[in-house]
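Report on the following structure.
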Amino acid sequence: MSLMAMPFVDSGVDTTLHVISTIFMVATVAAVGYGFWKIHELPINKAHKKQHQQIGLITALTWIGFVWHWVWVIAVIVAFLDAEKALIRIRDIWHGEAGNTATSKEG
């Protein structure tokens, strides 16, 4: 065998290695696609779990997010944010009732 000879060429091992590498490549692409899909569906699953009022909006934003990825970020924010509680908290902070409700009643 010379230094220029290629190992496994024109043998059954060559074909076996090509088949194994093809299977591995297809499995890797499928796993990455499945992982991307599961991460992409995260806002919809969270909205269903919380019984969110805006489930239709979140679903639409998630599907649009396949094309425009920044829209998916909005879907995540809407799904994980409880807007009603957030607005009440902002209102309380605005009116100064956040941490000093006990002190305002004393004086």
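Identifiers for the structure tokens are assigned positionally: chains receive A, B, ... in sequence, residues are indexed from 1 per chain, and ligands are indexed from 1 in the order shown.
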
- request: Just the residues within 9 Å of Ile74 of chain A, please, counting only C-alpha atoms, with nothing from its chain fewer than 3 positions along; format it as an MDAnalysis selection string.
  value: chainID A and resid 58 61:62 65 70:71 77:79

task: Extract, using only C-alpha atoms, all DNA, RNA and protein residues at most 10 Å from Ala60 of chain A, discarding same-chain residues fewer than 4 positions from it, and format them as a PyMOL selection string.
output: chain A and resi 44+55-56+64-65+71-72+75

Please produce a file of the residues just selected, as a PDB file, in the first residue's frame, where the atoms kept are all heavy atoms.
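File out-v8.pdb, as written:
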ATOM      1  N   ILE A  44     -47.329  29.488  22.289  1.00  0.00           N
ATOM      2  CA  ILE A  44     -48.661  28.894  22.193  1.00  0.00           C
ATOM      3  C   ILE A  44     -48.888  27.926  23.343  1.00  0.00           C
ATOM      4  O   ILE A  44     -49.963  27.926  23.964  1.00  0.00           O
ATOM      5  CB  ILE A  44     -48.837  28.188  20.833  1.00  0.00           C
ATOM      6  CG1 ILE A  44     -48.816  29.210  19.697  1.00  0.00           C
ATOM      7  CG2 ILE A  44     -50.141  27.402  20.794  1.00  0.00           C
ATOM      8  CD1 ILE A  44     -48.846  28.609  18.319  1.00  0.00           C
ATOM      9  N   ILE A  55     -55.216  34.099  23.222  1.00  0.00           N
ATOM     10  CA  ILE A  55     -54.647  32.911  22.586  1.00  0.00           C
ATOM     11  C   ILE A  55     -54.636  33.035  21.060  1.00  0.00           C
ATOM     12  O   ILE A  55     -53.688  32.592  20.404  1.00  0.00           O
ATOM     13  CB  ILE A  55     -55.393  31.630  23.042  1.00  0.00           C
ATOM     14  CG1 ILE A  55     -54.663  30.382  22.567  1.00  0.00           C
ATOM     15  CG2 ILE A  55     -56.806  31.602  22.561  1.00  0.00           C
ATOM     16  CD1 ILE A  55     -53.460  30.076  23.364  1.00  0.00           C
ATOM     17  N   GLY A  56     -55.657  33.646  20.494  1.00  0.00           N
ATOM     18  CA  GLY A  56     -55.703  33.835  19.044  1.00  0.00           C
ATOM     19  C   GLY A  56     -54.594  34.749  18.551  1.00  0.00           C
ATOM     20  O   GLY A  56     -53.946  34.471  17.536  1.00  0.00           O
ATOM     21  N   ILE A  64     -46.788  34.041  12.220  1.00  0.00           N
ATOM     22  CA  ILE A  64     -46.135  35.110  11.455  1.00  0.00           C
ATOM     23  C   ILE A  64     -44.647  35.154  11.788  1.00  0.00           C
ATOM     24  O   ILE A  64     -43.822  35.508  10.951  1.00  0.00           O
ATOM     25  CB  ILE A  64     -46.819  36.460  11.741  1.00  0.00           C
ATOM     26  CG1 ILE A  64     -48.241  36.449  11.185  1.00  0.00           C
ATOM     27  CG2 ILE A  64     -46.035  37.613  11.143  1.00  0.00           C
ATOM     28  CD1 ILE A  64     -49.078  37.635  11.605  1.00  0.00           C
ATOM     29  N   GLY A  65     -44.312  34.750  13.019  1.00  0.00           N
ATOM     30  CA  GLY A  65     -42.918  34.738  13.450  1.00  0.00           C
ATOM     31  C   GLY A  65     -42.028  33.792  12.671  1.00  0.00           C
ATOM     32  O   GLY A  65     -40.805  33.897  12.718  1.00  0.00           O
ATOM     33  N   VAL A  71     -41.490  39.264  15.226  1.00  0.00           N
ATOM     34  CA  VAL A  71     -42.885  39.116  15.632  1.00  0.00           C
ATOM     35  C   VAL A  71     -43.008  37.982  16.647  1.00  0.00           C
ATOM     36  O   VAL A  71     -43.831  38.040  17.557  1.00  0.00           O
ATOM     37  CB  VAL A  71     -43.777  38.864  14.392  1.00  0.00           C
ATOM     38  CG1 VAL A  71     -45.217  38.629  14.793  1.00  0.00           C
ATOM     39  CG2 VAL A  71     -43.681  40.044  13.436  1.00  0.00           C
ATOM     40  N   TRP A  72     -42.171  36.954  16.507  1.00  0.00           N
ATOM     41  CA  TRP A  72     -42.171  35.841  17.464  1.00  0.00           C
ATOM     42  C   TRP A  72     -41.777  36.332  18.855  1.00  0.00           C
ATOM     43  O   TRP A  72     -42.325  35.875  19.852  1.00  0.00           O
ATOM     44  CB  TRP A  72     -41.219  34.746  17.002  1.00  0.00           C
ATOM     45  CG  TRP A  72     -41.195  33.573  17.923  1.00  0.00           C
ATOM     46  CD1 TRP A  72     -42.100  32.552  17.970  1.00  0.00           C
ATOM     47  CD2 TRP A  72     -40.231  33.290  18.928  1.00  0.00           C
ATOM     48  NE1 TRP A  72     -41.745  31.660  18.952  1.00  0.00           N
ATOM     49  CE2 TRP A  72     -40.603  32.091  19.558  1.00  0.00           C
ATOM     50  CE3 TRP A  72     -39.088  33.943  19.374  1.00  0.00           C
ATOM     51  CZ2 TRP A  72     -39.876  31.533  20.586  1.00  0.00           C
ATOM     52  CZ3 TRP A  72     -38.363  33.386  20.399  1.00  0.00           C
ATOM     53  CH2 TRP A  72     -38.749  32.195  20.996  1.00  0.00           C
ATOM     54  N   ALA A  75     -44.767  37.695  20.425  1.00  0.00           N
ATOM     55  CA  ALA A  75     -45.637  36.607  20.877  1.00  0.00           C
ATOM     56  C   ALA A  75     -45.165  36.049  22.219  1.00  0.00           C
ATOM     57  O   ALA A  75     -45.982  35.744  23.096  1.00  0.00           O
ATOM     58  CB  ALA A  75     -45.684  35.498  19.828  1.00  0.00           C
TER      59      ALA A  75
END

message: Under the rule that only C-alpha atoms are counted, which of A:Ile90, A:Ile20, A:Val26, A:Val76 is the nearest residue to Gln54 of chain A?
response: A:Val76
